[in-house]
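upload.txt (compact mmCIF, C-alpha atoms) appears below.
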```
# COMPACT_ATOMS: atom_id res chain seq x y z
CA MET A 1 15.89 16.13 13.76
CA SER A 2 18.34 13.29 13.58
CA ALA A 3 20.96 13.47 10.89
CA GLY A 4 20.32 10.08 9.32
CA PRO A 5 17.29 9.25 7.23
CA TYR A 6 16.63 6.15 9.32
CA ASN A 7 15.30 6.30 12.82
CA TYR A 8 14.54 2.61 12.89
CA GLU A 9 16.49 -0.62 12.75
CA TYR A 10 14.14 -2.83 10.79
CA ILE A 11 11.30 -2.62 8.31
CA PHE A 12 8.63 -5.31 8.50
CA LYS A 13 6.19 -5.67 5.64
CA TYR A 14 2.60 -6.55 6.53
CA ILE A 15 -0.47 -7.27 4.47
CA ILE A 16 -4.08 -7.06 5.62
CA ILE A 17 -6.47 -9.40 3.86
CA GLY A 18 -10.03 -10.65 4.16
CA ASP A 19 -13.51 -10.22 2.67
CA MET A 20 -15.00 -6.92 1.67
CA GLY A 21 -16.43 -4.85 4.51
CA VAL A 22 -14.81 -6.69 7.42
CA GLY A 23 -13.00 -3.50 8.47
CA LYS A 24 -9.45 -3.94 7.17
CA SER A 25 -8.91 -0.25 6.41
CA CYS A 26 -10.54 0.74 9.69
CA LEU A 27 -8.13 -1.49 11.59
CA LEU A 28 -5.23 0.11 9.75
CA HIS A 29 -6.46 3.63 10.50
CA GLN A 30 -7.08 2.78 14.11
CA PHE A 31 -3.52 1.50 14.33
CA THR A 32 -1.75 4.30 12.43
CA ASP A 33 -3.90 7.30 13.38
CA LYS A 34 -5.65 6.03 16.54
CA LYS A 35 -8.93 7.09 14.99
CA PHE A 36 -12.04 5.29 13.87
CA MET A 37 -13.22 6.12 10.40
CA ALA A 38 -16.99 5.76 10.34
CA ASP A 39 -18.56 4.81 6.99
CA CYS A 40 -15.25 4.02 5.40
CA PRO A 41 -15.64 3.60 1.61
CA HIS A 42 -14.41 0.51 -0.22
CA THR A 43 -10.67 0.61 -0.70
CA ILE A 44 -9.47 1.03 -4.26
CA GLY A 45 -6.80 -1.56 -4.99
CA VAL A 46 -4.41 -1.14 -2.10
CA GLU A 47 -3.82 1.42 0.58
CA PHE A 48 -0.67 1.91 2.50
CA GLY A 49 0.20 2.90 6.02
CA THR A 50 3.25 2.99 8.24
CA ARG A 51 4.05 3.31 11.90
CA ILE A 52 7.24 2.97 13.86
CA ILE A 53 6.94 0.73 16.89
CA ASP A 54 9.20 -0.57 19.57
CA VAL A 55 9.98 -4.29 19.69
CA ALA A 56 12.32 -5.48 22.44
CA GLY A 57 13.98 -2.08 22.54
CA GLN A 58 14.46 -1.91 18.78
CA LYS A 59 12.69 0.56 16.53
CA VAL A 60 10.78 -1.21 13.81
CA LYS A 61 8.97 0.46 10.94
CA LEU A 62 5.83 -1.39 9.95
CA GLN A 63 5.01 -1.00 6.29
CA ILE A 64 1.42 -2.10 5.94
CA TRP A 65 -0.35 -2.90 2.68
CA ASP A 66 -4.09 -2.87 3.09
CA THR A 67 -5.73 -4.75 0.22
CA ALA A 68 -9.18 -4.16 -1.21
CA GLY A 69 -11.61 -6.96 -0.36
CA GLN A 70 -13.72 -6.66 -3.48
CA GLU A 71 -13.46 -9.63 -5.80
CA ARG A 72 -12.35 -7.64 -8.81
CA PHE A 73 -9.14 -6.67 -7.06
CA ARG A 74 -8.32 -10.17 -5.95
CA ALA A 75 -6.06 -11.11 -8.87
CA VAL A 76 -3.74 -8.14 -8.70
CA THR A 77 -3.69 -7.76 -4.92
CA ARG A 78 -2.17 -11.25 -4.79
CA SER A 79 1.12 -9.74 -5.91
CA TYR A 80 1.28 -7.77 -2.66
CA TYR A 81 1.47 -10.98 -0.62
CA ARG A 82 4.96 -11.64 -1.85
CA GLY A 83 7.57 -10.77 0.69
CA ALA A 84 5.17 -10.14 3.55
CA ALA A 85 6.63 -10.88 6.97
CA GLY A 86 3.22 -10.59 8.60
CA ALA A 87 -0.31 -11.24 7.34
CA LEU A 88 -3.35 -10.00 9.25
CA MET A 89 -6.32 -12.05 8.13
CA VAL A 90 -9.58 -10.39 9.08
CA TYR A 91 -13.20 -11.57 9.34
CA ASP A 92 -16.31 -9.95 10.77
CA ILE A 93 -17.72 -11.71 13.85
CA THR A 94 -21.24 -10.60 12.83
CA ARG A 95 -21.08 -12.06 9.33
CA ARG A 96 -20.63 -15.81 9.09
CA SER A 97 -19.79 -15.75 5.36
CA THR A 98 -16.64 -13.72 6.03
CA TYR A 99 -15.53 -16.43 8.46
CA ASN A 100 -16.39 -19.23 6.05
CA HIS A 101 -14.10 -17.72 3.43
CA LEU A 102 -11.07 -17.80 5.74
CA SER A 103 -9.77 -21.10 4.41
CA SER A 104 -9.55 -19.62 0.93
CA TRP A 105 -7.69 -16.54 2.26
CA LEU A 106 -5.41 -18.84 4.21
CA THR A 107 -4.64 -20.97 1.16
CA ASP A 108 -3.71 -17.84 -0.79
CA THR A 109 -1.51 -16.64 2.04
CA ARG A 110 0.30 -19.92 2.47
CA THR A 111 0.85 -20.27 -1.27
CA LEU A 112 2.05 -16.75 -1.88
CA THR A 113 4.12 -16.00 1.23
CA ASN A 114 6.99 -17.91 2.77
CA PRO A 115 6.98 -20.42 5.64
CA SER A 116 8.24 -17.88 8.16
CA THR A 117 5.39 -15.41 7.48
CA VAL A 118 3.45 -14.82 10.68
CA ILE A 119 -0.31 -15.08 10.14
CA PHE A 120 -2.55 -13.37 12.67
CA LEU A 121 -6.32 -13.96 12.60
CA ILE A 122 -8.51 -11.03 13.68
CA GLY A 123 -12.22 -11.30 14.40
CA ASN A 124 -13.23 -7.68 13.96
CA LYS A 125 -16.28 -5.74 15.18
CA CYS A 126 -16.35 -7.34 18.63
CA ASP A 127 -17.98 -4.10 19.86
CA LEU A 128 -21.19 -5.40 18.25
CA ASP A 129 -21.29 -8.22 20.76
CA SER A 130 -22.99 -6.39 23.58
CA ALA A 131 -24.91 -8.12 26.36
CA ASP A 132 -28.20 -6.77 25.07
CA GLY A 133 -28.90 -7.84 21.53
CA SER A 134 -25.63 -9.29 20.28
CA GLN A 135 -25.15 -9.46 16.53
CA ARG A 136 -22.48 -12.13 16.89
CA ASP A 137 -22.57 -14.80 14.20
CA VAL A 138 -19.28 -16.58 14.90
CA THR A 139 -18.34 -17.78 18.39
CA TYR A 140 -14.97 -17.04 19.92
CA GLU A 141 -14.40 -20.74 20.59
CA GLU A 142 -14.80 -21.97 17.03
CA ALA A 143 -12.56 -19.24 15.66
CA LYS A 144 -9.97 -20.02 18.33
CA GLN A 145 -10.10 -23.66 17.36
CA PHE A 146 -9.68 -22.79 13.68
CA ALA A 147 -6.68 -20.64 14.58
CA ASP A 148 -5.10 -23.36 16.72
CA GLU A 149 -5.58 -26.03 14.08
CA ASN A 150 -3.86 -23.86 11.52
CA GLY A 151 -1.14 -22.48 13.76
CA LEU A 152 -2.39 -18.90 13.64
CA MET A 153 -2.35 -16.27 16.33
CA PHE A 154 -5.81 -14.96 17.13
CA VAL A 155 -7.74 -12.15 18.83
CA GLU A 156 -11.14 -10.62 18.58
CA ALA A 157 -10.79 -6.88 18.12
CA SER A 158 -12.71 -3.71 17.42
CA ALA A 159 -11.48 -1.07 15.01
CA LYS A 160 -14.21 1.14 16.46
CA THR A 161 -13.21 1.07 20.12
CA GLY A 162 -9.58 0.16 19.47
CA ASP A 163 -9.83 -3.00 21.56
CA ASN A 164 -6.97 -5.42 20.80
CA VAL A 165 -5.94 -3.53 17.67
CA GLU A 166 -2.50 -2.57 18.99
CA GLU A 167 -2.07 -6.07 20.33
CA ALA A 168 -2.64 -7.71 16.96
CA PHE A 169 -0.12 -5.53 15.14
CA LEU A 170 2.44 -5.60 17.95
CA GLU A 171 2.22 -9.32 18.71
CA THR A 172 2.78 -10.05 15.03
CA ALA A 173 5.90 -7.89 15.11
CA LYS A 174 7.18 -9.63 18.26
CA LYS A 175 6.75 -13.01 16.63
CA ILE A 176 8.62 -11.86 13.52
CA TYR A 177 11.38 -10.43 15.68
CA GLN A 178 11.64 -13.74 17.54
CA SER A 179 12.00 -15.56 14.23
CA ILE A 180 14.89 -13.26 13.36
CA GLN A 181 16.53 -13.92 16.72
CA ASP A 182 16.07 -17.69 16.37
CA GLY A 183 17.47 -17.61 12.87
CA ARG A 184 14.26 -19.06 11.45
CA LEU A 185 13.85 -15.97 9.32
CA ASP A 186 16.73 -15.36 6.97
CA LEU A 187 17.28 -11.63 6.64
CA ASN A 188 19.17 -12.12 3.41
CA ALA A 189 16.36 -13.97 1.70
CA ALA A 190 14.86 -11.73 -0.96
CA GLU A 191 11.29 -12.27 0.16
CA SER A 192 11.62 -12.42 3.93
CA GLY A 193 9.60 -9.20 4.27
CA VAL A 194 12.20 -7.80 6.65
CA GLN A 195 14.86 -5.23 5.91
CA HIS A 196 17.62 -4.42 8.29
CA LYS A 197 18.86 -0.84 8.31
CA PRO A 198 22.50 -0.52 9.34
CA PRO A 199 23.00 2.17 11.97
CA GLN A 200 24.03 5.53 10.55
CA LEU A 201 27.56 6.35 11.53
CA GLY A 202 27.89 9.47 13.58
CA SER A 203 24.18 10.22 13.67
CA ASP A 204 21.69 8.65 15.99
CA PHE A 205 23.95 5.69 16.55
CA THR A 206 24.96 5.96 20.18
CA PRO A 207 27.44 3.44 21.46
CA ASN A 208 27.03 2.14 24.96
CA LYS A 209 26.55 4.59 27.72
CA ASP A 210 29.95 3.66 29.16
CA PRO A 211 32.29 6.61 29.36
CA CYS A 212 34.57 6.58 26.36
CA SER A 213 37.82 4.72 26.73
CA CYS A 214 40.11 7.48 25.60
CA MET B 1 2.37 11.92 3.73
CA THR B 2 5.38 9.93 2.68
CA ASP B 3 3.04 6.96 2.90
CA THR B 4 1.25 7.66 -0.34
CA GLU B 5 4.52 8.62 -1.94
CA ASP B 6 5.70 5.10 -1.22
CA LEU B 7 2.53 3.89 -2.88
CA LEU B 8 3.44 5.94 -5.94
CA ASN B 9 6.98 4.59 -5.97
CA GLU B 10 5.94 0.97 -5.69
CA THR B 11 6.42 -0.82 -9.00
CA VAL B 12 4.92 -3.91 -10.54
CA LEU B 13 6.93 -7.12 -10.74
CA PRO B 14 7.88 -7.83 -14.35
CA GLU B 15 6.44 -11.36 -14.14
CA ASP B 16 3.07 -9.98 -13.03
CA LEU B 17 3.01 -7.50 -15.87
CA LYS B 18 3.82 -10.32 -18.32
CA LYS B 19 1.18 -12.58 -16.85
CA TYR B 20 -1.68 -10.08 -17.23
CA GLU B 21 -0.38 -8.85 -20.56
CA LYS B 22 -0.64 -12.40 -21.85
CA VAL B 23 -4.23 -12.82 -20.69
CA TYR B 24 -5.19 -9.49 -22.23
CA HIS B 25 -3.62 -10.31 -25.58
CA GLU B 26 -5.14 -13.78 -25.69
CA GLN B 27 -8.57 -12.27 -25.18
CA LEU B 28 -7.83 -9.56 -27.70
CA HIS B 29 -7.00 -12.18 -30.32
CA GLY B 30 -10.09 -14.10 -29.35
CA GLY B 31 -12.14 -11.04 -30.27
CA SER B 32 -13.39 -9.81 -26.92
CA VAL B 33 -11.63 -8.55 -23.83
CA THR B 34 -13.38 -8.64 -20.46
CA ARG B 35 -13.22 -5.48 -18.39
CA GLN B 36 -11.58 -7.53 -15.63
CA ALA B 37 -8.72 -8.65 -17.89
CA GLN B 38 -8.22 -5.15 -19.23
CA PHE B 39 -8.25 -3.69 -15.73
CA ASN B 40 -5.75 -6.23 -14.38
CA TYR B 41 -3.39 -5.42 -17.23
CA ALA B 42 -3.89 -1.66 -16.94
CA TRP B 43 -3.34 -1.77 -13.18
CA CYS B 44 0.02 -3.46 -13.76
CA LEU B 45 0.95 -1.03 -16.55
CA VAL B 46 0.40 2.14 -14.52
CA ARG B 47 2.69 0.69 -11.84
CA SER B 48 5.49 0.03 -14.33
CA LYS B 49 8.91 1.64 -14.15
CA PHE B 50 8.62 2.72 -17.77
CA PRO B 51 6.62 5.78 -18.82
CA VAL B 52 5.71 4.11 -22.10
CA ASP B 53 3.91 1.34 -20.16
CA ILE B 54 2.20 3.86 -17.91
CA ARG B 55 0.89 5.74 -20.96
CA LYS B 56 -0.46 2.50 -22.39
CA GLY B 57 -2.16 1.78 -19.06
CA ILE B 58 -3.75 5.22 -19.09
CA ILE B 59 -5.23 4.61 -22.55
CA LEU B 60 -6.67 1.27 -21.41
CA LEU B 61 -8.16 2.88 -18.29
CA GLU B 62 -9.71 5.68 -20.34
CA GLU B 63 -11.32 3.04 -22.53
CA LEU B 64 -12.61 1.20 -19.49
CA PHE B 65 -14.00 4.39 -18.02
CA ARG B 66 -15.99 5.07 -21.18
CA SER B 67 -17.24 1.50 -21.51
CA ALA B 68 -18.35 1.25 -17.88
CA ALA B 69 -20.92 4.03 -18.09
CA ASP B 70 -23.38 1.73 -16.31
CA ALA B 71 -21.09 0.77 -13.43
CA GLU B 72 -20.40 3.67 -11.07
CA ASP B 73 -18.51 1.46 -8.61
CA GLU B 74 -16.03 0.46 -11.30
CA ARG B 75 -15.62 3.97 -12.67
CA ARG B 76 -14.28 5.20 -9.34
CA ASP B 77 -11.46 2.63 -9.56
CA TYR B 78 -10.58 3.76 -13.07
CA LEU B 79 -10.52 7.41 -12.02
CA TYR B 80 -8.23 6.60 -9.12
CA TYR B 81 -5.72 4.74 -11.26
CA LEU B 82 -5.93 7.37 -14.00
CA ALA B 83 -4.88 9.93 -11.39
CA LEU B 84 -2.10 7.69 -10.09
CA GLY B 85 -0.78 6.88 -13.58
CA ASN B 86 -0.77 10.50 -14.68
CA CYS B 87 1.01 11.53 -11.51
CA ARG B 88 3.68 8.91 -12.11
CA ILE B 89 4.48 10.39 -15.54
CA LYS B 90 4.38 13.90 -14.04
CA GLU B 91 1.19 14.91 -15.86
CA PHE B 92 0.07 16.62 -12.68
CA SER B 93 -2.76 18.75 -14.05
CA ALA B 94 -4.37 15.74 -15.69
CA ALA B 95 -3.92 13.76 -12.48
CA LEU B 96 -5.67 16.49 -10.49
CA GLN B 97 -8.55 16.54 -12.94
CA TYR B 98 -9.12 12.86 -12.25
CA THR B 99 -8.99 13.23 -8.48
CA SER B 100 -11.43 16.13 -8.59
CA ALA B 101 -13.76 14.16 -10.86
CA PHE B 102 -13.61 11.38 -8.28
CA LEU B 103 -14.27 13.71 -5.37
CA GLU B 104 -17.33 15.07 -7.13
CA ILE B 105 -18.82 11.59 -6.98
CA GLU B 106 -17.50 10.77 -3.49
CA PRO B 107 -16.53 14.00 -1.70
CA GLY B 108 -15.25 12.52 1.55
CA ASN B 109 -13.01 9.76 0.22
CA ALA B 110 -9.85 9.89 2.34
CA GLN B 111 -7.81 7.62 0.06
CA VAL B 112 -8.34 9.97 -2.88
CA LYS B 113 -7.89 13.13 -0.81
CA THR B 114 -4.48 11.89 0.30
CA LEU B 115 -3.53 11.09 -3.27
CA GLU B 116 -4.64 14.56 -4.35
CA GLU B 117 -2.49 16.16 -1.67
CA VAL B 118 0.55 14.18 -2.79
CA ILE B 119 -0.02 15.17 -6.41
CA ARG B 120 -0.20 18.85 -5.38
CA LYS B 121 3.05 18.58 -3.42
CA LYS B 122 4.84 16.86 -6.27
CA MET B 123 3.56 19.47 -8.66
CA GLU B 124 4.85 22.31 -6.47
CA LYS B 125 8.21 20.62 -6.13
CA ALA B 126 8.45 20.16 -9.90
CA GLU B 127 7.59 23.83 -10.42
CA ILE B 128 10.28 24.93 -7.98
CA GLN B 129 12.82 22.73 -9.77
CA GLU B 130 11.77 24.22 -13.09
CA GLY B 131 12.20 27.67 -11.55
CA ILE B 132 15.71 26.87 -10.34
CA LYS B 133 16.60 25.52 -13.76
CA GLY B 134 15.21 28.74 -15.29
CA ILE B 135 17.33 30.89 -12.98
CA ALA B 136 20.38 28.78 -13.78
CA ILE B 137 19.84 29.29 -17.50
CA ILE B 138 19.34 33.05 -17.09
CA SER B 139 22.43 33.43 -14.94
CA GLY B 140 24.37 31.42 -17.50
CA VAL B 141 23.22 33.79 -20.21
CA VAL B 142 24.10 36.81 -18.06
CA LEU B 143 27.58 35.43 -17.42
CA ALA B 144 28.11 34.73 -21.08
CA LEU B 145 26.89 38.21 -22.02
CA GLY B 146 29.10 39.70 -19.35
CA SER B 147 32.17 37.98 -20.71
CA ILE B 148 31.36 39.04 -24.26
CA VAL B 149 30.89 42.63 -23.15
CA GLY B 150 34.10 42.39 -21.13
CA LEU B 151 35.96 41.02 -24.10
CA GLY B 152 34.51 43.74 -26.31
CA MET B 153 35.61 46.40 -23.86
CA ALA B 154 39.08 44.89 -23.58
CA LEU B 155 39.41 44.80 -27.32
CA SER B 156 38.13 48.35 -27.79
CA LYS B 157 40.69 49.62 -25.28
CA LYS B 158 43.49 48.34 -27.44
```
Before we go any further, please render this structure as structure tokens.
Amino acid sequence: MSAGPYNYEYIFKYIIIGDMGVGKSCLLHQFTDKKFMADCPHTIGVEFGTRIIDVAGQKVKLQIWDTAGQERFRAVTRSYYRGAAGALMVYDITRRSTYNHLSSWLTDTRTLTNPSTVIFLIGNKCDLDSADGSQRDVTYEEAKQFADENGLMFVEASAKTGDNVEEAFLETAKKIYQSIQDGRLDLNAAESGVQHKPPQLGSDFTPNKDPCSC
Amino acid sequence: MTDTEDLLNETVLPEDLKKYEKVYHEQLHGGSVTRQAQFNYAWCLVRSKFPVDIRKGIILLEELFRSAADAEDERRDYLYYLALGNCRIKEFSAALQYTSAFLEIEPGNAQVKTLEEVIRKKMEKAEIQEGIKGIAIISGVVLALGSIVGLGMALSKK
């Protein structure tokens, strides 16, 4: 065990949003536990998950708020958007209506987060697009075009097989990290969604590997 | 495990609480409150920093639970937040009653099972702390008695 309470340099806050039943919680579980939860019940309010990842050699703790998609939670879940550094916006490639509602989710996100928030679009359930008898209802091309027009990152993923799930979470983190490096994201801003943990003196803070200059 | 603890430590923004309080009171003055308005307000209250707010939220959720006899899908939400609210004011036994009521309806629900586990841990921790406090009080009494006896003996030797 390391002496300090922090074994990471940064905390990034994420939210996961999108219609009911698109697989938001399943994506979270696949990412945090590397497991697929079959018949996952509707989320109550918000769920929470964390995982420490590596971004450009830095340890980053992702703090992920998974919001319920049901309409009756919509008002209060809006308060979780505030201070999100990353927003994963999810639709179901086999249900057109969930794709059609994206512009409303996007409007909410843009209104309630800040300009540096990285928005990543995920078309979930791509495992249902098999060669024999595809259930696909939204083409890759149109979703890609929607993403490009709105400046979003985009992948099709599967919470069931795990395809592209890591990528979505990690690419979002890389983009946020880049924004920090470029100075586009102000760490001191109250709602940047990023916290920087100073290294703990004398604990897991190891200076350069150079022999000491004593 | 610390994950759900973070969820329990997360608090509502004062402006959100005010916003939904206003809607609730407007409807209350108008004569009828929608379940949605009451739920939004209660959800904010149980996430407040102040126990008095949390208690108010619990009362509103209990009311909602009774009035939503016809809506099973809503009742599960109320049970969940009743458990969360009670846990936040350290009413652990009540909180566990709500999680077990929930799990009777939906035995496999992972979100509620995790919450239940956290409540149990917090309860154990609180009991241990109570125990330590108890020991501290007893040893204090023993010390005090000891000094009185010592004093008595010293005096009697004179």
I need the contact residues of chain B against chain A, so if you could list those with any atom within 10 Å, counting all atoms listed in the file, and return them as a PyMOL selection string, that would help. chain B and resi 1-7+12-13+15-17+20+35-37+39-41+43-44+73-74+76-78+80-81+106+108-112
Using all atoms listed in the file: which of B:Asn86, B:Ser139, B:Gln27, B:Gln38 has the shortest distance to Met123 of chain B: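 Closest to Met123 of chain B of all the choices is B:Asn86.
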For the atom pair atom CA of Leu28 of chain A and atom CA of Thr109 of chain A, what is the interatomic distance in Å to one decimal place?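 If I compute the distance from atom CA of Leu28 of chain A to atom CA of Thr109 of chain A, I get 18.8 Å.
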One decimal, in Å: what's the spacing between atom CA of Phe102 of chain B and atom CA of Glu117 of chain B?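 Result for atom CA of Phe102 of chain B versus atom CA of Glu117 of chain B: 13.8 Å, one decimal.
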For Ala159 of chain A, the nearest of the candidates A:Ala38, A:Ile16, A:Val118, A:Ile176, counting all atoms listed in the file: A:Ala38
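Straight-line separation from atom CA of Leu115 of chain B to atom CA of His29 of chain A: 15.9 Å.
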Please produce segment 41-51 of chain B, completed to all heavy atoms, as a PDB file, in the frame of the given file.
```
ATOM      1  N   TYR B  41      -4.551  -5.794 -16.417  1.00  0.00           N
ATOM      2  CA  TYR B  41      -3.390  -5.420 -17.230  1.00  0.00           C
ATOM      3  C   TYR B  41      -3.065  -3.938 -17.036  1.00  0.00           C
ATOM      4  O   TYR B  41      -1.902  -3.568 -16.802  1.00  0.00           O
ATOM      5  CB  TYR B  41      -3.687  -5.750 -18.697  1.00  0.00           C
ATOM      6  CG  TYR B  41      -2.576  -5.430 -19.671  1.00  0.00           C
ATOM      7  CD1 TYR B  41      -1.241  -5.607 -19.334  1.00  0.00           C
ATOM      8  CD2 TYR B  41      -2.868  -4.976 -20.958  1.00  0.00           C
ATOM      9  CE1 TYR B  41      -0.224  -5.320 -20.233  1.00  0.00           C
ATOM     10  CE2 TYR B  41      -1.865  -4.688 -21.871  1.00  0.00           C
ATOM     11  CZ  TYR B  41      -0.541  -4.854 -21.513  1.00  0.00           C
ATOM     12  OH  TYR B  41       0.452  -4.571 -22.405  1.00  0.00           O
ATOM     13  N   ALA B  42      -4.098  -3.103 -17.082  1.00  0.00           N
ATOM     14  CA  ALA B  42      -3.890  -1.660 -16.940  1.00  0.00           C
ATOM     15  C   ALA B  42      -3.322  -1.315 -15.565  1.00  0.00           C
ATOM     16  O   ALA B  42      -2.442  -0.466 -15.424  1.00  0.00           O
ATOM     17  CB  ALA B  42      -5.201  -0.914 -17.177  1.00  0.00           C
ATOM     18  N   TRP B  43      -3.810  -2.008 -14.551  1.00  0.00           N
ATOM     19  CA  TRP B  43      -3.340  -1.770 -13.180  1.00  0.00           C
ATOM     20  C   TRP B  43      -1.838  -2.065 -13.078  1.00  0.00           C
ATOM     21  O   TRP B  43      -1.080  -1.357 -12.412  1.00  0.00           O
ATOM     22  CB  TRP B  43      -4.157  -2.633 -12.217  1.00  0.00           C
ATOM     23  CG  TRP B  43      -3.914  -2.367 -10.768  1.00  0.00           C
ATOM     24  CD1 TRP B  43      -3.096  -1.408 -10.231  1.00  0.00           C
ATOM     25  CD2 TRP B  43      -4.493  -3.056  -9.667  1.00  0.00           C
ATOM     26  NE1 TRP B  43      -3.140  -1.470  -8.858  1.00  0.00           N
ATOM     27  CE2 TRP B  43      -3.995  -2.477  -8.495  1.00  0.00           C
ATOM     28  CE3 TRP B  43      -5.391  -4.120  -9.559  1.00  0.00           C
ATOM     29  CZ2 TRP B  43      -4.351  -2.921  -7.226  1.00  0.00           C
ATOM     30  CZ3 TRP B  43      -5.752  -4.557  -8.310  1.00  0.00           C
ATOM     31  CH2 TRP B  43      -5.232  -3.953  -7.142  1.00  0.00           C
ATOM     32  N   CYS B  44      -1.408  -3.128 -13.758  1.00  0.00           N
ATOM     33  CA  CYS B  44       0.020  -3.460 -13.760  1.00  0.00           C
ATOM     34  C   CYS B  44       0.804  -2.401 -14.556  1.00  0.00           C
ATOM     35  O   CYS B  44       1.871  -1.962 -14.128  1.00  0.00           O
ATOM     36  CB  CYS B  44       0.249  -4.829 -14.378  1.00  0.00           C
ATOM     37  SG  CYS B  44      -0.388  -6.174 -13.371  1.00  0.00           S
ATOM     38  N   LEU B  45       0.247  -1.999 -15.697  1.00  0.00           N
ATOM     39  CA  LEU B  45       0.950  -1.030 -16.550  1.00  0.00           C
ATOM     40  C   LEU B  45       1.196   0.303 -15.843  1.00  0.00           C
ATOM     41  O   LEU B  45       2.291   0.850 -15.915  1.00  0.00           O
ATOM     42  CB  LEU B  45       0.144  -0.785 -17.832  1.00  0.00           C
ATOM     43  CG  LEU B  45       0.223  -1.868 -18.908  1.00  0.00           C
ATOM     44  CD1 LEU B  45      -0.825  -1.604 -19.993  1.00  0.00           C
ATOM     45  CD2 LEU B  45       1.607  -1.931 -19.527  1.00  0.00           C
ATOM     46  N   VAL B  46       0.190   0.829 -15.156  1.00  0.00           N
ATOM     47  CA  VAL B  46       0.400   2.140 -14.520  1.00  0.00           C
ATOM     48  C   VAL B  46       1.374   2.064 -13.347  1.00  0.00           C
ATOM     49  O   VAL B  46       1.825   3.084 -12.845  1.00  0.00           O
ATOM     50  CB  VAL B  46      -0.918   2.832 -14.054  1.00  0.00           C
ATOM     51  CG1 VAL B  46      -1.769   3.218 -15.245  1.00  0.00           C
ATOM     52  CG2 VAL B  46      -1.689   1.987 -13.065  1.00  0.00           C
ATOM     53  N   ARG B  47       1.707   0.841 -12.914  1.00  0.00           N
ATOM     54  CA  ARG B  47       2.690   0.690 -11.840  1.00  0.00           C
ATOM     55  C   ARG B  47       4.060   0.294 -12.401  1.00  0.00           C
ATOM     56  O   ARG B  47       4.937  -0.118 -11.652  1.00  0.00           O
ATOM     57  CB  ARG B  47       2.204  -0.334 -10.827  1.00  0.00           C
ATOM     58  CG  ARG B  47       1.084   0.204  -9.930  1.00  0.00           C
ATOM     59  CD  ARG B  47       0.271  -0.927  -9.304  1.00  0.00           C
ATOM     60  NE  ARG B  47       1.086  -1.895  -8.648  1.00  0.00           N
ATOM     61  CZ  ARG B  47       0.989  -3.216  -8.854  1.00  0.00           C
ATOM     62  NH1 ARG B  47       0.115  -3.696  -9.680  1.00  0.00           N
ATOM     63  NH2 ARG B  47       1.771  -4.034  -8.186  1.00  0.00           N
ATOM     64  N   SER B  48       4.214   0.395 -13.708  1.00  0.00           N
ATOM     65  CA  SER B  48       5.490   0.030 -14.330  1.00  0.00           C
ATOM     66  C   SER B  48       6.544   1.104 -14.088  1.00  0.00           C
ATOM     67  O   SER B  48       6.235   2.240 -13.771  1.00  0.00           O
ATOM     68  CB  SER B  48       5.268  -0.167 -15.834  1.00  0.00           C
ATOM     69  OG  SER B  48       6.501  -0.211 -16.502  1.00  0.00           O
ATOM     70  N   LYS B  49       7.801   0.700 -14.277  1.00  0.00           N
ATOM     71  CA  LYS B  49       8.910   1.640 -14.150  1.00  0.00           C
ATOM     72  C   LYS B  49       8.987   2.527 -15.385  1.00  0.00           C
ATOM     73  O   LYS B  49       9.570   3.595 -15.360  1.00  0.00           O
ATOM     74  CB  LYS B  49      10.225   0.844 -14.070  1.00  0.00           C
ATOM     75  CG  LYS B  49      10.731   0.631 -12.662  1.00  0.00           C
ATOM     76  CD  LYS B  49      12.151   0.086 -12.694  1.00  0.00           C
ATOM     77  CE  LYS B  49      12.139  -1.392 -13.064  1.00  0.00           C
ATOM     78  NZ  LYS B  49      13.360  -2.109 -12.826  1.00  0.00           N
ATOM     79  N   PHE B  50       8.419   2.047 -16.488  1.00  0.00           N
ATOM     80  CA  PHE B  50       8.620   2.720 -17.770  1.00  0.00           C
ATOM     81  C   PHE B  50       7.434   3.585 -18.167  1.00  0.00           C
ATOM     82  O   PHE B  50       6.302   3.092 -18.267  1.00  0.00           O
ATOM     83  CB  PHE B  50       8.901   1.678 -18.862  1.00  0.00           C
ATOM     84  CG  PHE B  50      10.027   0.763 -18.499  1.00  0.00           C
ATOM     85  CD1 PHE B  50       9.779  -0.553 -18.113  1.00  0.00           C
ATOM     86  CD2 PHE B  50      11.337   1.224 -18.499  1.00  0.00           C
ATOM     87  CE1 PHE B  50      10.812  -1.402 -17.743  1.00  0.00           C
ATOM     88  CE2 PHE B  50      12.378   0.382 -18.137  1.00  0.00           C
ATOM     89  CZ  PHE B  50      12.122  -0.927 -17.754  1.00  0.00           C
ATOM     90  N   PRO B  51       7.695   4.869 -18.441  1.00  0.00           N
ATOM     91  CA  PRO B  51       6.620   5.780 -18.820  1.00  0.00           C
ATOM     92  C   PRO B  51       5.786   5.275 -20.006  1.00  0.00           C
ATOM     93  O   PRO B  51       4.579   5.489 -20.045  1.00  0.00           O
ATOM     94  CB  PRO B  51       7.361   7.069 -19.188  1.00  0.00           C
ATOM     95  CG  PRO B  51       8.634   6.998 -18.427  1.00  0.00           C
ATOM     96  CD  PRO B  51       8.986   5.554 -18.333  1.00  0.00           C
TER      97      PRO B  51
END
```
